[in-house]
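Listing of upload.cif; format and content: mmCIF, C-alpha atoms.
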```
data_query
#
loop_
_atom_site.label_atom_id
_atom_site.label_comp_id
_atom_site.auth_asym_id
_atom_site.auth_seq_id
_atom_site.Cartn_x
_atom_site.Cartn_y
_atom_site.Cartn_z
CA MET D 751 13.86 -22.16 -29.35
CA SER D 752 15.67 -21.29 -26.13
CA GLU D 753 15.47 -17.59 -26.98
CA GLN D 754 11.69 -17.88 -27.28
CA ILE D 755 11.17 -19.51 -23.90
CA HIS D 756 13.82 -17.49 -22.09
CA PRO D 757 11.60 -14.46 -21.27
CA ARG D 758 8.83 -16.77 -20.07
CA GLY D 759 11.31 -18.69 -17.95
CA ARG D 760 12.56 -15.46 -16.38
CA LEU D 761 9.00 -14.38 -15.65
CA MET D 762 8.15 -17.70 -14.02
CA THR D 763 11.30 -17.51 -11.91
CA VAL D 764 10.47 -13.99 -10.74
CA LEU D 765 6.87 -14.94 -9.92
CA THR D 766 7.98 -18.07 -8.06
CA LEU D 767 10.45 -16.10 -5.96
CA ALA D 768 7.86 -13.38 -5.38
CA ARG D 769 5.33 -15.93 -4.12
CA PHE D 770 7.93 -17.40 -1.80
CA GLU D 771 8.84 -13.93 -0.52
CA ALA D 772 5.19 -12.99 0.01
CA ARG D 773 4.53 -16.26 1.81
CA GLN D 774 7.41 -15.58 4.16
CA HIS D 775 6.01 -12.15 5.00
CA LEU D 776 2.45 -13.41 5.39
CA ARG D 777 3.55 -16.12 7.81
CA SER D 778 5.74 -13.83 9.90
CA HIS D 779 4.81 -12.55 13.35
CA ARG D 780 4.79 -9.02 11.97
CA MET D 781 1.73 -9.83 9.89
CA PHE D 782 -0.37 -10.14 13.04
CA ALA D 783 0.59 -6.60 14.03
CA LEU D 784 -0.06 -5.37 10.50
CA ALA D 785 -3.48 -7.05 10.31
CA SER D 786 -4.47 -5.52 13.64
CA LEU D 787 -3.33 -2.10 12.45
CA LEU D 788 -5.21 -2.35 9.16
CA PHE D 789 -8.46 -3.54 10.67
CA LEU D 790 -8.30 -0.90 13.39
CA PHE D 791 -7.75 1.96 10.94
CA ILE D 792 -9.53 0.86 7.76
CA VAL D 793 -12.44 -1.15 9.13
CA GLY D 794 -12.91 1.13 12.12
CA GLY D 795 -12.64 4.23 9.94
CA SER D 796 -15.12 2.86 7.41
CA TYR D 797 -17.62 2.06 10.13
CA GLY D 798 -17.25 5.39 11.89
CA LEU D 799 -17.30 7.62 8.81
CA SER D 800 -20.37 5.88 7.39
CA ASP D 801 -22.37 6.39 10.58
CA PRO D 802 -25.50 8.37 9.61
CA ASP D 803 -25.50 10.05 13.02
CA GLY D 804 -21.87 11.08 12.73
CA ARG D 805 -20.92 14.70 12.27
CA LEU D 806 -17.89 15.88 10.33
CA THR D 807 -16.76 19.25 9.04
CA PRO D 808 -19.61 20.74 6.97
CA GLY D 809 -17.40 20.92 3.88
CA ILE D 810 -16.67 17.17 3.91
CA ALA D 811 -19.34 14.94 2.39
CA THR D 812 -20.06 11.38 3.53
CA ASP D 813 -23.36 10.88 1.74
CA THR D 814 -22.30 7.99 -0.52
CA PRO D 815 -20.08 4.93 -0.02
CA TYR D 816 -17.50 6.29 -2.43
CA GLU D 817 -17.22 9.55 -0.53
CA VAL D 818 -16.57 7.49 2.59
CA LEU D 819 -13.96 5.46 0.68
CA PHE D 820 -12.31 8.70 -0.36
CA LEU D 821 -11.91 9.69 3.29
CA VAL D 822 -10.85 6.17 4.26
CA SER D 823 -7.94 6.56 1.84
CA LEU D 824 -6.33 8.74 4.52
CA PHE D 825 -6.43 5.79 6.94
CA VAL D 826 -4.99 3.59 4.21
CA LEU D 827 -2.16 6.05 3.70
CA LEU D 828 -1.34 6.01 7.40
CA SER D 829 -1.78 2.30 8.17
CA ALA D 830 -1.04 0.33 5.00
CA THR D 831 2.09 2.29 4.14
CA LEU D 832 3.28 1.90 7.72
CA GLY D 833 2.68 -1.81 7.24
CA VAL D 834 5.10 -1.74 4.32
CA VAL D 835 7.69 -0.31 6.70
CA LEU D 836 6.91 -3.01 9.25
CA LEU D 837 7.43 -5.77 6.70
CA GLY D 838 10.21 -4.35 4.59
CA PHE D 839 12.48 -2.13 6.67
CA ASP D 840 15.07 -4.93 6.96
CA ALA D 841 14.20 -6.91 3.84
CA ILE D 842 17.63 -6.30 2.29
CA SER D 843 19.79 -5.29 5.25
CA ARG D 844 18.92 -8.42 7.24
CA ARG D 845 19.87 -10.61 4.31
CA ARG D 846 23.16 -8.77 3.99
CA LEU D 847 23.96 -9.28 7.67
CA THR D 848 23.06 -12.98 7.63
CA LYS D 849 24.88 -13.57 4.32
CA GLU D 850 21.62 -14.67 2.67
CA LEU D 851 21.99 -11.92 0.10
CA ALA D 852 25.38 -13.24 -1.00
CA ILE D 853 23.86 -16.68 -1.49
CA GLU D 854 20.96 -15.25 -3.50
CA LEU D 855 23.30 -13.22 -5.70
CA SER D 856 25.37 -16.32 -6.41
CA GLN D 857 22.36 -18.05 -7.96
CA PRO D 858 21.81 -18.07 -11.75
CA ILE D 859 19.42 -15.11 -11.73
CA SER D 860 20.02 -11.52 -12.72
CA ARG D 861 20.06 -8.84 -10.05
CA SER D 862 17.18 -7.00 -11.70
CA ASP D 863 15.01 -10.13 -11.61
CA LEU D 864 15.93 -10.76 -7.98
CA ALA D 865 15.11 -7.16 -7.06
CA LEU D 866 11.79 -7.39 -8.90
CA ALA D 867 10.93 -10.61 -7.05
CA HIS D 868 11.63 -8.96 -3.69
CA LEU D 869 9.55 -5.94 -4.69
CA LEU D 870 6.57 -8.00 -5.84
CA GLY D 871 6.78 -10.20 -2.75
CA LEU D 872 6.74 -7.25 -0.36
CA TRP D 873 4.00 -5.50 -2.32
CA THR D 874 1.82 -8.63 -2.37
CA ALA D 875 2.23 -9.18 1.36
CA ALA D 876 1.19 -5.58 2.06
CA PHE D 877 -1.63 -5.35 -0.48
CA LEU D 878 -3.52 -8.58 0.27
CA PRO D 879 -4.38 -7.75 3.92
CA THR D 880 -5.10 -4.16 2.90
CA MET D 881 -7.56 -5.35 0.27
CA ALA D 882 -9.17 -7.71 2.79
CA ALA D 883 -9.55 -4.89 5.32
CA THR D 884 -11.02 -2.65 2.61
CA LEU D 885 -13.61 -5.26 1.63
CA VAL D 886 -14.59 -5.73 5.27
CA GLY D 887 -14.79 -1.94 5.57
CA VAL D 888 -17.11 -1.79 2.56
CA THR D 889 -19.32 -4.34 4.28
CA MET D 890 -19.38 -2.11 7.35
CA MET D 891 -20.40 0.82 5.16
CA HIS D 892 -23.27 -1.21 3.76
CA SER D 893 -24.47 -2.09 7.25
CA GLN D 894 -24.53 1.62 8.11
CA MET D 895 -25.68 3.21 4.84
CA ASP D 896 -27.55 0.33 3.19
CA ALA D 897 -25.63 1.02 -0.03
CA TRP D 898 -22.63 -0.39 -1.86
CA PRO D 899 -19.99 1.41 -3.90
CA SER D 900 -20.08 0.46 -7.56
CA LEU D 901 -17.58 -2.05 -8.91
CA ALA D 902 -15.88 0.73 -10.87
CA GLU D 903 -15.49 2.85 -7.74
CA LEU D 904 -14.15 -0.07 -5.71
CA ALA D 905 -11.74 -1.05 -8.49
CA TYR D 906 -10.59 2.56 -8.78
CA PHE D 907 -9.94 2.73 -5.03
CA LEU D 908 -8.11 -0.61 -4.87
CA GLY D 909 -6.07 0.22 -7.98
CA ALA D 910 -4.91 3.52 -6.50
CA THR D 911 -4.13 1.78 -3.21
CA ALA D 912 -2.09 -0.86 -5.04
CA LEU D 913 -0.03 1.80 -6.80
CA VAL D 914 0.63 3.66 -3.55
CA LEU D 915 1.78 0.47 -1.83
CA LEU D 916 3.99 -0.40 -4.80
CA TRP D 917 5.61 3.02 -4.54
CA TYR D 918 6.20 2.67 -0.80
CA SER D 919 7.51 -0.88 -1.25
CA SER D 920 10.09 0.43 -3.70
CA ILE D 921 11.12 3.14 -1.25
CA GLN D 922 11.45 0.69 1.64
CA LEU D 923 13.59 -1.75 -0.31
CA LEU D 924 15.81 1.09 -1.47
CA ALA D 925 16.15 2.38 2.10
CA SER D 926 16.86 -1.12 3.38
CA SER D 927 19.58 -1.61 0.78
CA LEU D 928 21.33 1.50 2.11
CA ALA D 929 21.23 0.35 5.74
CA ARG D 930 24.30 -1.28 7.25
CA ASP D 931 22.78 -2.59 10.47
CA LEU D 932 19.43 -3.06 12.19
CA GLY D 933 19.46 0.38 13.77
CA SER D 934 20.06 2.22 10.52
CA ALA D 935 17.45 0.02 8.82
CA VAL D 936 14.80 1.12 11.31
CA THR D 937 15.89 4.76 11.06
CA LEU D 938 15.89 4.83 7.27
CA GLY D 939 12.63 2.90 7.04
CA VAL D 940 10.67 5.09 9.43
CA GLY D 941 12.39 8.24 8.21
CA SER D 942 11.53 7.61 4.56
CA TRP D 943 7.94 6.79 5.55
CA MET D 944 7.58 10.03 7.48
CA LEU D 945 9.18 11.99 4.64
CA PHE D 946 6.78 10.79 1.98
CA THR D 947 3.71 10.59 4.23
CA PHE D 948 3.78 13.71 6.38
CA VAL D 949 6.33 16.08 4.88
CA TRP D 950 5.06 15.55 1.34
CA LEU D 951 1.46 16.12 2.43
CA LEU D 952 2.55 19.28 4.20
CA VAL D 953 4.27 20.53 1.05
CA THR D 954 1.16 19.70 -0.99
CA ALA D 955 -1.09 21.56 1.45
CA VAL D 956 1.19 24.62 1.41
CA LEU D 957 1.28 24.68 -2.39
CA ALA D 958 -2.50 24.30 -2.54
CA SER D 959 -2.87 27.22 -0.16
CA ILE D 960 -0.49 29.36 -2.20
CA ILE D 961 -2.33 28.79 -5.48
CA GLY D 962 -5.71 29.28 -3.80
CA VAL D 963 -7.08 25.73 -3.84
CA ASP D 964 -9.53 25.04 -1.01
CA MET D 965 -8.77 21.46 0.10
CA THR D 966 -12.04 21.28 2.05
CA ASP D 967 -14.21 22.41 -0.85
CA ARG D 968 -17.17 20.05 -1.06
CA PRO D 969 -17.20 19.64 -4.87
CA THR D 970 -13.57 18.52 -4.86
CA LEU D 971 -14.49 15.59 -2.64
CA ARG D 972 -17.22 14.34 -4.95
CA ILE D 973 -15.28 12.18 -7.36
CA ASN D 974 -17.17 10.27 -10.01
CA ALA D 975 -15.24 7.08 -10.74
CA SER D 976 -16.84 6.54 -14.13
CA THR D 977 -15.82 10.05 -15.20
CA ALA D 978 -12.29 9.40 -14.00
CA PHE D 979 -12.09 6.23 -16.08
CA ARG D 980 -13.33 8.02 -19.20
CA ARG D 981 -10.65 10.64 -18.80
#
```

Will you turn the file into structure tokens for me?
Amino acid sequence: MSEQIHPRGRLMTVLTLARFEARQHLRSHRMFALASLLFLFIVGGSYGLSDPDGRLTPGIATDTPYEVLFLVSLFVLLSATLGVVLLGFDAISRRRLTKELAIELSQPISRSDLALAHLLGLWTAAFLPTMAATLVGVTMMHSQMDAWPSLAELAYFLGATALVLLWYSSIQLLASSLARDLGSAVTLGVGSWMLFTFVWLLVTAVLASIIGVDMTDRPTLRINASTAFRR
């Protein structure tokens, strides 16, 4: 009987710790800075890009709400992932310095479950305000374009955003676990963010140029969410 309830008990423990971790992040002073950053980039970008009188590069389309969402994903990449750094750059290193990590490791919970709880807590704290800013941004698009993205398109966008934030949360926790003090935590956190945000995009752009892919080609920016789901 105990073997049957053991996996469920582990799951409940992980989820409970993750909720506690997320609550700590959401109530921290850093969340105010993150919320301001998200609403400035995502909501402001959604409103500006959906302006019918706005003018962008001729090869970039902003005729539908989903095309605007596609462009807003750049603002998400810059702001939401930076928010993960803001919340998680010292998530492990601070606990090591204050001896909290030693206390947590002495509890009757496996290290993998504890790591998963920290990951889910950081991811939840970063994703919830990002989702809220996205929904407000969609409302701004509707006020400008008098149109809504479909539920499939919105779910596709939020799902991709969630995966990106999960990836960056994993990177930040790994970088924080390598840091020995606050200075190295900041350096590793910001450095890893810049590596995977700017350097990786630069590598992608160079490879696209080498193989002859035009990144500003209008058809490539018209993504049909329903077609993507079928594939």

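Ranking D:His892, D:Ser786, D:Ala902, D:Leu870 by their shortest atom-to-atom distance to Asp801 (chain D), with all atoms listed in the file included, puts D:His892 first.
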
(Q) Quick one: residues within 10 Å of region 939-943 of chain D, all atoms listed in the file, excluding same-chain residues fewer than 4 positions away - as a VMD selection string? (A) chain D and resid 828 831 to 832 834 to 836 838 to 840 918 921 to 926 929 933 to 935 947 to 949

Q: Can you give me, as a list in words, the residues this file yields under the PyMOL selection byres ((chain D and resi 845-861) around 10)?
A: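 Those residues are Arg760, Thr763, Val764, Asp840, Ala841, Ile842, Ser843, Arg844, Ser862, Asp863, Leu864, Ala865, Leu866, Ala867, Ser926, Ser927, Ala929, Arg930, Asp931 and Leu932 of chain D.
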
Print the selection's residues with C-alpha atoms to a file, as an mmCIF file, keeping the file's coordinate frame.
```cif
data_model
loop_
_atom_site.group_PDB
_atom_site.id
_atom_site.type_symbol
_atom_site.label_atom_id
_atom_site.label_comp_id
_atom_site.auth_asym_id
_atom_site.auth_seq_id
_atom_site.Cartn_x
_atom_site.Cartn_y
_atom_site.Cartn_z
ATOM 1 C CA ARG D 760 12.560 -15.460 -16.380
ATOM 2 C CA THR D 763 11.300 -17.510 -11.910
ATOM 3 C CA VAL D 764 10.470 -13.990 -10.740
ATOM 4 C CA ASP D 840 15.070 -4.930 6.960
ATOM 5 C CA ALA D 841 14.200 -6.910 3.840
ATOM 6 C CA ILE D 842 17.630 -6.300 2.290
ATOM 7 C CA SER D 843 19.790 -5.290 5.250
ATOM 8 C CA ARG D 844 18.920 -8.420 7.240
ATOM 9 C CA SER D 862 17.180 -7.000 -11.700
ATOM 10 C CA ASP D 863 15.010 -10.130 -11.610
ATOM 11 C CA LEU D 864 15.930 -10.760 -7.980
ATOM 12 C CA ALA D 865 15.110 -7.160 -7.060
ATOM 13 C CA LEU D 866 11.790 -7.390 -8.900
ATOM 14 C CA ALA D 867 10.930 -10.610 -7.050
ATOM 15 C CA SER D 926 16.860 -1.120 3.380
ATOM 16 C CA SER D 927 19.580 -1.610 0.780
ATOM 17 C CA ALA D 929 21.230 0.350 5.740
ATOM 18 C CA ARG D 930 24.300 -1.280 7.250
ATOM 19 C CA ASP D 931 22.780 -2.590 10.470
ATOM 20 C CA LEU D 932 19.430 -3.060 12.190
#
```

Q: Skip Leu819 (chain D) itself and residues of its chain fewer than 3 positions away, then list as an MDAnalysis selection string all residues within 9 Å of it, counting all atoms listed in the file.
A: chainID D and resid 796 812 814:816 822:823 884 887:888 899 903:904 907

Write the selection just made, keeping C-alpha atoms, as a PDB file, keeping the file's coordinate frame?
```pdb
ATOM      1  CA  SER D 796     -15.120   2.860   7.410  1.00  0.00           C
ATOM      2  CA  THR D 812     -20.060  11.380   3.530  1.00  0.00           C
ATOM      3  CA  THR D 814     -22.300   7.990  -0.520  1.00  0.00           C
ATOM      4  CA  PRO D 815     -20.080   4.930  -0.020  1.00  0.00           C
ATOM      5  CA  TYR D 816     -17.500   6.290  -2.430  1.00  0.00           C
ATOM      6  CA  VAL D 822     -10.850   6.170   4.260  1.00  0.00           C
ATOM      7  CA  SER D 823      -7.940   6.560   1.840  1.00  0.00           C
ATOM      8  CA  THR D 884     -11.020  -2.650   2.610  1.00  0.00           C
ATOM      9  CA  GLY D 887     -14.790  -1.940   5.570  1.00  0.00           C
ATOM     10  CA  VAL D 888     -17.110  -1.790   2.560  1.00  0.00           C
ATOM     11  CA  PRO D 899     -19.990   1.410  -3.900  1.00  0.00           C
ATOM     12  CA  GLU D 903     -15.490   2.850  -7.740  1.00  0.00           C
ATOM     13  CA  LEU D 904     -14.150  -0.070  -5.710  1.00  0.00           C
ATOM     14  CA  PHE D 907      -9.940   2.730  -5.030  1.00  0.00           C
TER      15      PHE D 907
END
```

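Taking CA of Phe946 (chain D) and CA of Phe820 (chain D) as the two end points, the separation is 19.3 Å.
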